[in-house]
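Asker: Dropping a structure here in structure tokens format, bear with me for questions.
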Amino acid sequence: MLLCADEDAAAADLASGALACPSCGTWRLRAWGYGRERIIRALGGERRRLRPRRGRCRSCGATHILLPSWSAPRRADAVGVVARAAAASVLHGTGTARLGAELGVPAGTVRGWLRRLRERAGQMLQEATAECGRLVAVNRDPRGP
């Protein structure tokens with residue numbers, strides 16, 4: 001699964017063969033239809049229809065879905081909805097029933113999001129720190145500070 005900041009640019013890169021396969025690392029990912037259509041809940045109660053592009057590697061045969069960055073993998077809710085629930089819970093101590101009512105989702109769903117975020121907090125911190133270190137190393141100007 002690939003998360004894409006710009007859906008149109010990702011589709012163009014997929015069509016031109018400019019995307020590397022995450023499984024084997026070769027630059028042979030090609031367009032291969034679409035994933036199943038789904039409805040994603042966004043902030044403000046908006047429902048967004050999503051039919052993500054699918055790519056297939058010509059080297060290893062693996063298939064990958066290209067998801068826009070606003071959608072959360074394997075979730076029916078947009079990233080902004082989950083982030084708002086997490087922020088309100090952490091910063092204001094808002095309960096799951098109230099959050100669910102405000103966001104238009106069941107309280108049990110909000111509880112599941114918060115539980116999963118707590119369970120993965122250490123791993124997410126490690127991954128974010130490693131990614132920041134990689135970005136600093138890649139973007140360092142060789143001429144100095």
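Please note that chains go A, B, ... in the order of the structure tokens, that every chain numbers its residues from 1, and that ligands are numbered from 1 in the order shown.
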Could you name the residues that touch Cys21 (chain A) at 9 Å or less, counting only C-alpha atoms, but leaving out those on the same chain fewer than 4 positions away, as a list in words?
Answerer: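 Near neighbours after the sequence-gap exclusion: Gly25, Thr26, Trp27, Arg28, Leu29, Gly55, Arg56, Cys57, Ser59, Cys60, Ala62, Thr63 and His64 of chain A.
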Asker: Env of Ala11 (chain A): 10 Å cut, atoms = only C-alpha atoms, seq-sep filter 3 positions within chain, self excluded. Answer as JSON, numbers by chain.
Answerer: {"A": [4, 6, 7, 8, 14, 15, 16, 17, 18, 19, 30, 31, 52, 53, 54, 55, 66]}
Asker: If you run DSSP on this backbone, which residues of chain A come out as alpha helix (DSSP H), and could you give them as number ranges by chain?
Answerer: A: 7-16, 79-92, 96-103, 107-139
Asker: For the atom pair CA of Gly35 (chain A) and CA of Val79 (chain A), what is the interatomic distance in Å to one decimal place?
Answerer: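 Value for the CA of Gly35 (chain A)-CA of Val79 (chain A) distance: 19.0 Å.
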Asker: Sorted by chain and rising residue number, list the residues of region 8-56 of chain A at most 9 Å from region 99-105 of chain A (counting only C-alpha atoms), each with its closest atom pair and distance in Å to one decimal, as a Markdown table.
Answerer:
| residue | atom | partner | partner_atom | distance |
| --- | --- | --- | --- | --- |
| A:Arg41 | CA | A:Gly104 | CA | 8.8 |
| A:Ala42 | CA | A:Leu103 | CA | 9.0 |
| A:Leu43 | CA | A:Leu103 | CA | 7.2 |
| A:Gly44 | CA | A:Leu103 | CA | 7.3 |
| A:Gly45 | CA | A:Gly104 | CA | 6.5 |
Asker: In Å to one decimal, how far is CA of Arg38 (chain A) from CA of Val110 (chain A)?
Answerer: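 So the two atoms, CA of Val110 (chain A) and CA of Arg38 (chain A), lie 19.9 Å apart.
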Asker: With distances taken over only C-alpha atoms, which of A:Leu114, A:Ala121, A:Ala83, A:Leu2 is nearest to Thr96 (chain A)?
Answerer: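 Nearest candidate to Thr96 (chain A) out of A:Leu114, A:Ala121, A:Ala83, A:Leu2: A:Leu114.
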Asker: Pick out each residue of region 40-84 of chain A that DSSP on the backbone tags as strand (DSSP E); I need them as JSON, numbers by chain.
Answerer: {"A": [40, 41, 47, 48, 49, 50, 53, 54, 55, 56, 57, 63, 64, 65, 66, 67, 68]}
Asker: So, counting only C-alpha atoms, which residue among A:Leu91, A:Ala86, A:Ile40, A:Cys132 is closest to Pro73 (chain A)?
Answerer: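 Closest candidate: A:Ile40.
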Asker: Nearest residue to Leu3 (chain A) out of A:Pro68, A:Gly122, A:Gly112, A:Gly61, using only C-alpha atoms?
Answerer: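 Closest candidate: A:Pro68.
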Asker: Here is a test: counting only C-alpha atoms, which residue of A:Glu127, A:Arg120, A:Ser23, A:Ser71 is nearest to Arg58 (chain A)?
Answerer: A:Ser23
Asker: As an exercise, work out the distance from CA of Leu67 (chain A) to CA of Gly80 (chain A) in Å and give it to one decimal place.
Answerer: 14.7 Å
Asker: Name all residues at most 9 Å from Glu37 (chain A) (count only C-alpha atoms; drop same-chain ones fewer than 4 positions away) and give them as an MDAnalysis selection string.
Answerer: chainID A and resid 49:52
Asker: Let me make sure I understand: among A:Ala97, A:Met1, A:Ile39, A:Ala10, which one has the smallest atom-to-atom distance to Pro22 (chain A) if we use only C-alpha atoms?
Answerer: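 Using only C-alpha atoms, the shortest distance to Pro22 (chain A) belongs to A:Met1.
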Asker: Smallest atom-to-atom distance to Ala107 (chain A): which of A:Ala5, A:Cys24, A:Val90, A:Ala85, using only C-alpha atoms?
Answerer: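 Among the listed residues, the smallest separation from Ala107 (chain A) belongs to A:Ala85.
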